[in-house]
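> To be precise about what I am sending: the file is called target-v8.cif and holds mmCIF, C-alpha atoms.
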```cif
data_target
#
loop_
_atom_site.label_atom_id
_atom_site.label_comp_id
_atom_site.auth_asym_id
_atom_site.auth_seq_id
_atom_site.Cartn_x
_atom_site.Cartn_y
_atom_site.Cartn_z
CA MET A 1 -15.63 -39.04 -44.99
CA VAL A 2 -16.73 -40.07 -41.50
CA HIS A 3 -13.44 -38.81 -40.10
CA ALA A 4 -13.87 -35.47 -41.88
CA VAL A 5 -17.40 -35.02 -40.49
CA GLY A 6 -16.22 -35.91 -37.00
CA ARG A 7 -13.33 -33.49 -37.27
CA ARG A 8 -15.71 -30.69 -38.35
CA LEU A 9 -18.05 -31.49 -35.45
CA GLY A 10 -15.11 -31.44 -33.06
CA LEU A 11 -13.99 -28.06 -34.33
CA ALA A 12 -17.53 -26.70 -34.01
CA ARG A 13 -17.80 -27.89 -30.42
CA ASN A 14 -14.43 -26.37 -29.62
CA GLU A 15 -15.51 -23.05 -31.15
CA VAL A 16 -18.66 -23.02 -29.00
CA ALA A 17 -16.61 -23.84 -25.90
CA VAL A 18 -14.19 -21.00 -26.64
CA ARG A 19 -17.01 -18.53 -27.17
CA ARG A 20 -18.59 -19.55 -23.87
CA GLN A 21 -15.35 -19.15 -21.97
CA LEU A 22 -15.61 -15.96 -19.91
CA LEU A 23 -12.51 -13.91 -19.25
CA HIS A 24 -13.08 -13.81 -15.50
CA SER A 25 -12.90 -17.61 -15.31
CA TYR A 26 -9.90 -17.92 -17.63
CA ALA A 27 -6.95 -19.10 -15.55
CA PRO A 28 -4.14 -20.38 -17.80
CA ARG A 29 -1.42 -22.50 -16.25
CA PRO A 30 2.05 -21.61 -17.53
CA ALA A 31 3.82 -24.36 -19.45
CA LEU A 32 7.18 -22.91 -18.41
CA VAL A 33 9.38 -25.05 -16.21
CA THR A 34 11.10 -22.64 -13.83
CA ALA A 35 12.69 -22.63 -10.39
CA GLU A 36 10.37 -22.36 -7.40
CA THR A 37 12.18 -21.16 -4.31
CA GLN A 38 10.39 -21.70 -1.01
CA VAL A 39 11.22 -18.70 1.17
CA ARG A 40 9.46 -19.54 4.41
CA ARG A 41 10.98 -16.79 6.57
CA ALA A 42 12.40 -13.35 5.96
CA ARG A 43 16.19 -13.53 5.86
CA VAL A 44 16.30 -10.58 8.28
CA ALA A 45 14.03 -10.02 11.29
CA ALA A 46 11.62 -7.75 9.46
CA VAL A 47 9.46 -4.74 10.23
CA ASP A 48 6.21 -4.45 8.29
CA VAL A 49 5.66 -0.67 8.27
CA HIS A 50 2.26 -0.78 6.55
CA ASN A 51 -0.53 -3.00 7.74
CA HIS A 52 -4.02 -2.86 9.20
CA LEU A 53 -4.93 -4.64 12.42
CA GLY A 54 -7.70 -2.47 13.83
CA LEU A 55 -11.41 -1.85 13.43
CA TRP A 56 -11.27 0.93 10.85
CA LEU A 57 -11.42 -1.05 7.60
CA ASN A 58 -14.11 -3.33 9.03
CA GLN A 59 -16.31 -0.28 9.70
CA GLY A 60 -15.80 -0.78 13.42
CA HIS A 61 -17.51 -4.20 13.49
CA ALA A 62 -14.55 -6.52 14.10
CA TRP A 63 -10.81 -6.46 14.61
CA MET A 64 -8.88 -7.11 11.42
CA ALA A 65 -6.71 -9.52 13.47
CA PRO A 66 -9.29 -11.41 15.55
CA ASP A 67 -6.75 -13.58 17.40
CA VAL A 68 -3.65 -11.69 18.52
CA GLY A 69 -1.98 -14.86 19.83
CA ALA A 70 -2.30 -16.54 16.44
CA LEU A 71 -1.01 -13.37 14.77
CA LEU A 72 2.08 -13.35 16.99
CA ALA A 73 2.71 -17.04 16.26
CA SER A 74 2.58 -16.34 12.52
CA MET A 75 4.90 -13.37 12.91
CA ASP A 76 7.41 -15.55 14.76
CA GLU A 77 7.22 -18.24 12.09
CA LEU A 78 7.73 -15.66 9.33
CA ASN A 79 10.51 -13.78 11.17
CA VAL A 80 8.47 -10.57 11.33
CA ALA A 81 9.65 -8.72 14.42
CA THR A 82 7.17 -5.83 14.38
CA ILE A 83 4.06 -4.66 12.55
CA VAL A 84 3.09 -1.01 12.24
CA ASN A 85 -0.68 -0.87 12.69
CA LEU A 86 -2.10 2.05 10.71
CA ASP A 87 -5.60 1.81 12.18
CA GLY A 88 -5.31 3.79 15.41
CA ARG A 89 -7.70 6.56 14.43
CA TRP A 90 -8.18 8.84 17.47
CA GLY A 91 -9.72 9.05 20.94
CA THR A 92 -11.18 5.85 22.36
CA GLU A 93 -10.44 3.88 19.20
CA LEU A 94 -6.77 4.83 19.42
CA GLU A 95 -6.73 3.76 23.07
CA ALA A 96 -8.35 0.43 22.17
CA ASN A 97 -5.69 -0.28 19.52
CA LEU A 98 -2.88 0.69 21.88
CA ASP A 99 -4.30 -1.55 24.63
CA ARG A 100 -4.78 -4.52 22.31
CA TYR A 101 -1.43 -4.33 20.54
CA ASP A 102 1.26 -1.91 21.71
CA ARG A 103 0.73 -2.04 25.47
CA ALA A 104 -0.08 -5.74 25.60
CA HIS A 105 2.91 -6.75 23.41
CA PRO A 106 5.66 -4.12 23.65
CA GLY A 107 8.01 -4.07 20.69
CA ARG A 108 5.82 -6.24 18.46
CA PHE A 109 3.39 -3.53 17.35
CA LEU A 110 3.43 0.22 16.80
CA THR A 111 0.15 2.01 16.19
CA PHE A 112 -0.25 5.17 14.11
CA CYS A 113 -3.07 7.64 14.67
CA HIS A 114 -5.29 9.42 12.14
CA LEU A 115 -6.63 12.95 12.01
CA ASP A 116 -10.36 13.59 12.15
CA TRP A 117 -10.85 15.41 8.86
CA SER A 118 -14.49 16.12 9.71
CA LEU A 119 -13.05 18.95 11.79
CA LEU A 120 -12.27 20.73 8.52
CA THR A 121 -15.90 21.80 8.48
CA ASP A 122 -15.19 23.78 11.66
CA ARG A 123 -13.43 27.06 10.95
CA ARG A 124 -11.28 26.49 14.05
CA PHE A 125 -9.63 23.42 12.47
CA PRO A 126 -6.15 25.04 12.23
CA GLU A 127 -6.13 24.88 16.04
CA LEU A 128 -8.14 21.69 16.54
CA LEU A 129 -6.08 19.33 14.37
CA PRO A 130 -2.66 20.06 15.95
CA ALA A 131 -4.28 19.62 19.36
CA MET A 132 -5.40 16.14 18.25
CA LEU A 133 -1.81 15.24 17.47
CA HIS A 134 -0.64 16.31 20.91
CA ARG A 135 -3.26 14.06 22.51
CA ALA A 136 -2.37 11.13 20.25
CA LYS A 137 1.33 11.47 20.99
CA ALA A 138 0.64 11.60 24.72
CA ALA A 139 -1.43 8.42 24.42
CA GLY A 140 1.41 6.58 22.67
CA ALA A 141 0.83 6.89 18.92
CA GLY A 142 4.00 6.23 16.94
CA GLY A 143 3.15 8.18 13.81
CA ILE A 144 0.36 9.58 11.65
CA LYS A 145 -1.47 7.76 8.87
CA VAL A 146 -2.94 10.03 6.18
CA TRP A 147 -5.22 8.25 3.75
CA LYS A 148 -6.13 9.12 0.16
CA ASP A 149 -9.43 10.68 1.23
CA LEU A 150 -7.38 13.83 1.80
CA GLY A 151 -7.32 15.03 -1.80
CA LEU A 152 -10.10 12.83 -3.16
CA ASP A 153 -13.00 13.17 -0.71
CA VAL A 154 -12.33 15.42 2.29
CA ARG A 155 -14.00 18.83 2.04
CA ASP A 156 -13.81 22.02 4.07
CA HIS A 157 -16.57 24.20 5.51
CA ASP A 158 -17.22 25.65 2.05
CA GLY A 159 -17.59 22.22 0.43
CA LEU A 160 -14.25 22.44 -1.40
CA LEU A 161 -11.84 19.51 -1.70
CA VAL A 162 -8.79 19.85 0.56
CA GLN A 163 -5.42 18.84 -0.87
CA PRO A 164 -2.42 17.63 1.17
CA ASP A 165 -0.51 20.84 0.39
CA ASP A 166 -3.36 23.14 1.50
CA PRO A 167 -1.58 25.99 3.34
CA ARG A 168 -4.18 25.79 6.11
CA LEU A 169 -2.66 22.44 7.13
CA HIS A 170 0.76 24.02 7.67
CA ASP A 171 0.54 23.72 11.46
CA VAL A 172 -0.50 20.07 11.24
CA TRP A 173 2.67 19.03 9.44
CA GLU A 174 4.85 21.29 11.59
CA THR A 175 3.32 19.82 14.74
CA ALA A 176 4.19 16.37 13.44
CA ALA A 177 7.81 17.50 13.23
CA ASP A 178 7.68 19.02 16.74
CA LEU A 179 6.33 15.75 18.15
CA ASP A 180 8.72 13.55 16.13
CA LEU A 181 5.79 11.74 14.51
CA PRO A 182 6.47 10.50 10.95
CA VAL A 183 3.63 11.03 8.47
CA LEU A 184 2.82 7.99 6.33
CA MET A 185 0.71 9.35 3.47
CA HIS A 186 -1.25 7.51 0.79
CA THR A 187 -1.95 10.17 -1.81
CA ALA A 188 -3.14 8.55 -5.03
CA ASP A 189 -4.17 5.19 -6.44
CA PRO A 190 -2.70 3.33 -9.44
CA ARG A 191 -2.73 5.31 -12.67
CA ALA A 192 -5.23 2.92 -14.27
CA PHE A 193 -7.89 4.05 -11.81
CA TRP A 194 -8.21 7.30 -13.76
CA LEU A 195 -8.25 5.74 -17.24
CA PRO A 196 -11.33 4.57 -19.17
CA VAL A 197 -12.47 1.13 -18.05
CA ASP A 198 -12.21 -0.47 -21.47
CA ARG A 199 -10.18 -3.13 -23.26
CA THR A 200 -7.01 -1.03 -22.99
CA ASN A 201 -7.09 -0.69 -19.19
CA GLU A 202 -4.65 -3.15 -17.67
CA ARG A 203 -6.73 -3.33 -14.48
CA PHE A 204 -10.02 -3.84 -16.28
CA GLU A 205 -11.06 -6.86 -14.23
CA GLU A 206 -10.10 -5.27 -10.91
CA LEU A 207 -12.11 -2.16 -11.72
CA THR A 208 -15.14 -4.11 -12.88
CA ARG A 209 -15.04 -5.95 -9.54
CA HIS A 210 -14.66 -2.64 -7.68
CA PRO A 211 -16.31 0.07 -9.78
CA ASP A 212 -16.20 2.49 -6.84
CA TRP A 213 -12.40 2.49 -7.12
CA HIS A 214 -12.54 4.25 -10.47
CA HIS A 215 -11.84 8.00 -10.28
CA GLY A 216 -11.92 8.83 -13.98
CA SER A 217 -15.58 9.83 -13.98
CA ARG A 218 -15.37 11.79 -10.72
CA ASP A 219 -14.69 15.51 -10.36
CA VAL A 220 -11.43 14.98 -8.48
CA PRO A 221 -7.77 15.78 -9.15
CA GLY A 222 -5.87 13.49 -11.48
CA HIS A 223 -3.08 11.13 -10.48
CA ASP A 224 -0.29 13.52 -11.48
CA GLU A 225 -1.94 16.44 -9.69
CA LEU A 226 -2.21 14.47 -6.44
CA VAL A 227 1.37 13.20 -6.54
CA THR A 228 2.59 16.73 -7.29
CA ALA A 229 0.61 18.04 -4.28
CA PHE A 230 2.33 15.39 -2.16
CA GLU A 231 5.73 16.47 -3.43
CA ARG A 232 4.91 20.09 -2.59
CA VAL A 233 3.90 19.33 0.99
CA VAL A 234 7.05 17.28 1.60
CA ALA A 235 9.21 20.08 0.17
CA ALA A 236 7.41 22.75 2.21
CA HIS A 237 8.05 20.98 5.53
CA PRO A 238 11.68 19.82 5.57
CA ARG A 239 11.65 19.19 9.34
CA THR A 240 8.83 16.65 8.99
CA THR A 241 9.51 13.02 8.13
CA PHE A 242 7.21 11.75 5.38
CA VAL A 243 6.75 8.18 4.18
CA GLY A 244 5.20 7.95 0.72
CA ALA A 245 2.95 4.89 0.82
CA HIS A 246 2.96 2.51 -2.15
CA VAL A 247 6.28 3.86 -3.52
CA ALA A 248 4.84 7.38 -3.17
CA SER A 249 2.00 6.31 -5.48
CA SER A 250 4.56 6.07 -8.30
CA ALA A 251 5.32 2.36 -8.61
CA GLU A 252 4.51 2.49 -12.33
CA ASP A 253 7.05 5.30 -12.78
CA LEU A 254 10.13 4.50 -10.71
CA ASP A 255 12.08 7.30 -12.38
CA ARG A 256 9.66 9.79 -10.86
CA ALA A 257 9.89 8.13 -7.45
CA SER A 258 13.68 8.26 -7.73
CA ARG A 259 13.63 11.96 -8.57
CA MET A 260 11.47 12.61 -5.52
CA LEU A 261 13.93 10.83 -3.26
CA ASP A 262 16.86 12.67 -4.82
CA ARG A 263 15.20 16.05 -4.26
CA LEU A 264 13.49 15.54 -0.89
CA PRO A 265 15.79 14.36 1.91
CA ASN A 266 12.91 14.12 4.42
CA LEU A 267 11.08 11.57 2.26
CA THR A 268 11.19 7.78 2.37
CA VAL A 269 8.84 5.40 0.56
CA ASP A 270 7.26 2.10 1.46
CA LEU A 271 6.73 -0.81 -0.95
CA SER A 272 3.34 -1.89 0.37
CA ALA A 273 0.82 -3.52 -1.97
CA ARG A 274 3.04 -2.95 -5.00
CA GLU A 275 4.60 -6.37 -5.42
CA ALA A 276 2.73 -6.67 -8.71
CA GLU A 277 4.28 -3.46 -10.04
CA LEU A 278 7.81 -4.06 -8.76
CA GLY A 279 7.90 -7.70 -9.84
CA ARG A 280 6.99 -7.05 -13.45
CA GLN A 281 9.95 -4.67 -13.85
CA PRO A 282 12.57 -6.57 -11.83
CA ARG A 283 15.69 -4.95 -13.29
CA ALA A 284 14.32 -1.43 -12.90
CA ALA A 285 13.01 -2.19 -9.41
CA ALA A 286 16.30 -3.70 -8.24
CA ALA A 287 18.18 -0.69 -9.65
CA PHE A 288 15.78 1.68 -7.89
CA LEU A 289 16.34 -0.06 -4.55
CA ALA A 290 20.11 -0.13 -5.05
CA ARG A 291 20.10 3.62 -5.85
CA HIS A 292 18.19 4.42 -2.64
CA PRO A 293 19.27 1.72 -0.18
CA ASP A 294 18.51 3.83 2.91
CA ARG A 295 15.25 5.41 1.71
CA VAL A 296 12.94 2.42 1.21
CA LEU A 297 10.85 0.64 3.84
CA TRP A 298 9.20 -2.74 3.51
CA GLY A 299 5.47 -2.98 4.13
CA THR A 300 2.82 -5.40 2.93
CA ASP A 301 -0.65 -3.86 3.29
CA SER A 302 -1.68 -7.52 3.49
CA PHE A 303 -4.90 -7.69 5.45
CA PRO A 304 -6.40 -9.75 6.86
CA PHE A 305 -2.97 -11.14 7.73
CA ARG A 306 -2.03 -13.92 5.28
CA ASP A 307 1.12 -15.96 5.77
CA GLU A 308 1.33 -16.87 2.09
CA GLN A 309 1.25 -13.25 0.94
CA TYR A 310 4.19 -12.52 3.24
CA ARG A 311 6.05 -15.47 1.72
CA THR A 312 5.31 -14.13 -1.74
CA TRP A 313 6.99 -10.89 -0.66
CA PHE A 314 10.03 -12.81 0.64
CA ARG A 315 10.28 -14.75 -2.62
CA LEU A 316 9.99 -11.53 -4.62
CA LEU A 317 12.72 -9.72 -2.70
CA GLU A 318 15.11 -12.58 -2.01
CA SER A 319 14.90 -15.04 -4.92
CA THR A 320 15.68 -14.82 -8.61
CA ASP A 321 12.69 -16.98 -9.53
CA GLU A 322 10.94 -16.14 -12.79
CA TYR A 323 7.32 -15.70 -13.79
CA PHE A 324 5.29 -16.50 -10.67
CA ASP A 325 1.98 -15.31 -9.25
CA TYR A 326 2.06 -12.25 -7.02
CA GLY A 327 -1.16 -13.14 -5.18
CA ALA A 328 -3.21 -16.09 -4.08
CA ASN A 329 -6.08 -15.53 -6.53
CA PRO A 330 -4.76 -14.15 -9.82
CA PRO A 331 -5.46 -11.85 -11.39
CA GLN A 332 -5.72 -9.64 -8.33
CA GLN A 333 -4.68 -6.43 -10.05
CA GLY A 334 -3.70 -7.28 -13.60
CA ARG A 335 -3.00 -10.31 -15.81
CA TRP A 336 0.73 -10.56 -15.44
CA SER A 337 3.29 -12.49 -13.42
CA VAL A 338 6.33 -11.30 -11.47
CA TYR A 339 10.04 -12.01 -11.23
CA GLY A 340 12.28 -12.14 -8.17
CA LEU A 341 14.59 -9.20 -7.51
CA GLY A 342 17.37 -11.24 -5.87
CA LEU A 343 18.43 -8.50 -3.45
CA ASP A 344 21.70 -8.88 -1.62
CA GLU A 345 22.10 -9.12 2.15
CA GLY A 346 23.03 -5.47 2.60
CA LEU A 347 19.94 -4.19 0.80
CA LEU A 348 17.69 -6.60 2.66
CA GLN A 349 19.05 -5.47 6.02
CA GLY A 350 18.00 -1.91 5.31
CA ILE A 351 14.73 -2.51 3.48
CA TYR A 352 13.41 -5.18 5.84
CA ALA A 353 14.20 -3.37 9.08
CA GLY A 354 17.14 -0.99 9.39
CA ASN A 355 15.62 1.93 7.49
CA ALA A 356 12.32 1.66 9.34
CA ARG A 357 14.02 1.72 12.73
CA ARG A 358 15.96 4.82 11.74
CA VAL A 359 13.00 6.69 10.24
CA VAL A 360 10.31 5.80 12.81
CA PRO A 361 11.41 6.69 16.34
CA GLY A 362 8.92 4.32 17.97
CA LEU A 363 10.62 1.35 16.28
CA ARG A 364 14.02 1.97 17.84
CA VAL A 365 14.73 -0.69 20.40
#
```
Can the structure in the file be given as structure tokens, please?


Amino acid sequence: MVHAVGRRLGLARNEVAVRRQLLHSYAPRPALVTAETQVRRARVAAVDVHNHLGLWLNQGHAWMAPDVGALLASMDELNVATIVNLDGRWGTELEANLDRYDRAHPGRFLTFCHLDWSLLTDRRFPELLPAMLHRAKAAGAGGIKVWKDLGLDVRDHDGLLVQPDDPRLHDVWETAADLDLPVLMHTADPRAFWLPVDRTNERFEELTRHPDWHHGSRDVPGHDELVTAFERVVAAHPRTTFVGAHVASSAEDLDRASRMLDRLPNLTVDLSAREAELGRQPRAAAAFLARHPDRVLWGTDSFPFRDEQYRTWFRLLESTDEYFDYGANPPQQGRWSVYGLGLDEGLLQGIYAGNARRVVPGLRV
């Protein structure tokens, strides 16, 4: 009888503990016993084509890489030959980035410029924006970074949203071709950012942490509409080299990304910030990379610079390890684990560096 009462009390306490357990603090440890490959350095001297080292994402208050010497030491340890810095912006900020990185350490950094979309409120913008590109090229910019605000936030002089395929931007993309400046474009966010933030949304926790990332309640184009606009602009400007950031915003639908690459010879894609998506579909991801061995660039979008996130990328691409975390503080994006792709030497040569050096003229050394 005493044992029965104790057992009931124990069950009651356990039930209370379970009810008090909040999802955000739930961090199960897998009971699986699996291989854990330590990949300390990239097998090939790598080029990270998508990272942020400047002032832009810190609202101009501090450099994203506060100690360039320490950054270079980490790059050497990781076997990262070069980082493309997407934070150049324009004017004096571009010059500051070029001075700090490209000019001070030739070959280790390549800075991309931005376009000042506030000029779209000036009816002369079809002339002003190409002129900006000429100045940026003369200063030493190695390419153009176009962020998702074009399509989601940027408005013209009439207050209307401007899409990447707006015909009024024709001369911008043609000028990029004339100047041999590749255009790295982030067009849309993950599909879940448009879905209801409820129990069926696989990024529920991420979106509750960052409610401003949710587009579903905003009067903006949908994911498919934005990706289609990106496809149209790439098709309309065959002389211009485009890099579709984050697997052309289609990491959840690799068939669509593959069709884009098949149809658009002036398009390449980068893998940045999509280790979670690629690693949970390892067979499909490896097949995608094998189908397009010369059209995929490696990038991390890992900022501030974190050695361990780079090593997670190396483990993902090089090992065949199973069921491991894709970030330092799971769940970063969703509650799943990833699997290594086990890419062969030939694929790694192209994805880590060879394709980037072919596609981005400023990387050719």

> What is the CA of Pro282 in chain A-CA of Ala45 in chain A distance in Å, reported with one decimal?

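Between these atoms lies a distance of 23.4 Å.
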
> Run the PyMOL selection byres ((chain A and resi 354) around 12) against the file shown and list the residues it catches, as a count of residues only.

32

> Give as a list in words each residue that has an atom at most 10 Å from (10.4, -1.1, -10.7) in the file, counting only C-alpha atoms.

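The answer, in the requested form, is Val247, Ser250, Ala251, Glu252, Asp253, Leu254, Asp255, Ala257, Arg274, Glu275, Ala276, Glu277, Leu278, Gly279, Arg280, Gln281, Pro282, Arg283, Ala284, Ala285, Ala286, Ala287, Phe288, Leu289 and Leu341 of chain A.
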
> Starting from the displayed file, determine the output of the PyMOL selection byres ((chain A and resi 23-34) around 10) and express the residue list as a count of residues only.

15

> May I ask which of the residues A:Phe230, A:Phe303, A:Tyr101, A:Phe125 is the closest one to Leu169 in chain A, counting only C-alpha atoms?

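So, comparing all the options, the nearest one is A:Phe125.
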
> Let me make sure I understand: among A:Pro221, A:Gly216, A:Pro182, A:Pro126, which one has the smallest atom-to-atom distance to Gln163 in chain A if we use all atoms listed in the file?

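For Gln163 in chain A, the nearest of the candidates is A:Pro221.
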
> On this structure, the PyMOL selection byres ((chain A and resi 153) around 12) would catch which residues? List them as a list in words, sorted by chain and number.

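Evaluating the PyMOL selection byres ((chain A and resi 153) around 12) on this file yields Trp117, Ser118, Leu120, Trp147, Lys148, Asp149, Leu150, Gly151, Leu152, Val154, Arg155, Asp156, Gly159, Leu160, Leu161, Val162, Gln163, Pro164, Thr187, Ala188, His215, Arg218, Asp219, Val220 and Pro221 of chain A.
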
> What is the CA of Pro130 in chain A to CA of Asp189 in chain A distance in Å?

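It comes out at 26.9 Å.
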
> What gap, in Å, lies between CA of Asn85 in chain A and CA of Gly60 in chain A?

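Separating CA of Asn85 in chain A from CA of Gly60 in chain A is a distance of 15.1 Å.
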
> For a quick check of understanding, using all atoms listed in the file, which of A:Leu119, A:Val146, A:Ala131, A:Val197 has the smallest distance to Thr175 in chain A?

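Of all the options, A:Ala131 lies closest to Thr175 in chain A.
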
> Considering only C-alpha atoms, can you say which of A:Ala177, A:Ala273, A:Gln333, A:Arg291 comes closest to Arg239 in chain A?

A:Ala177
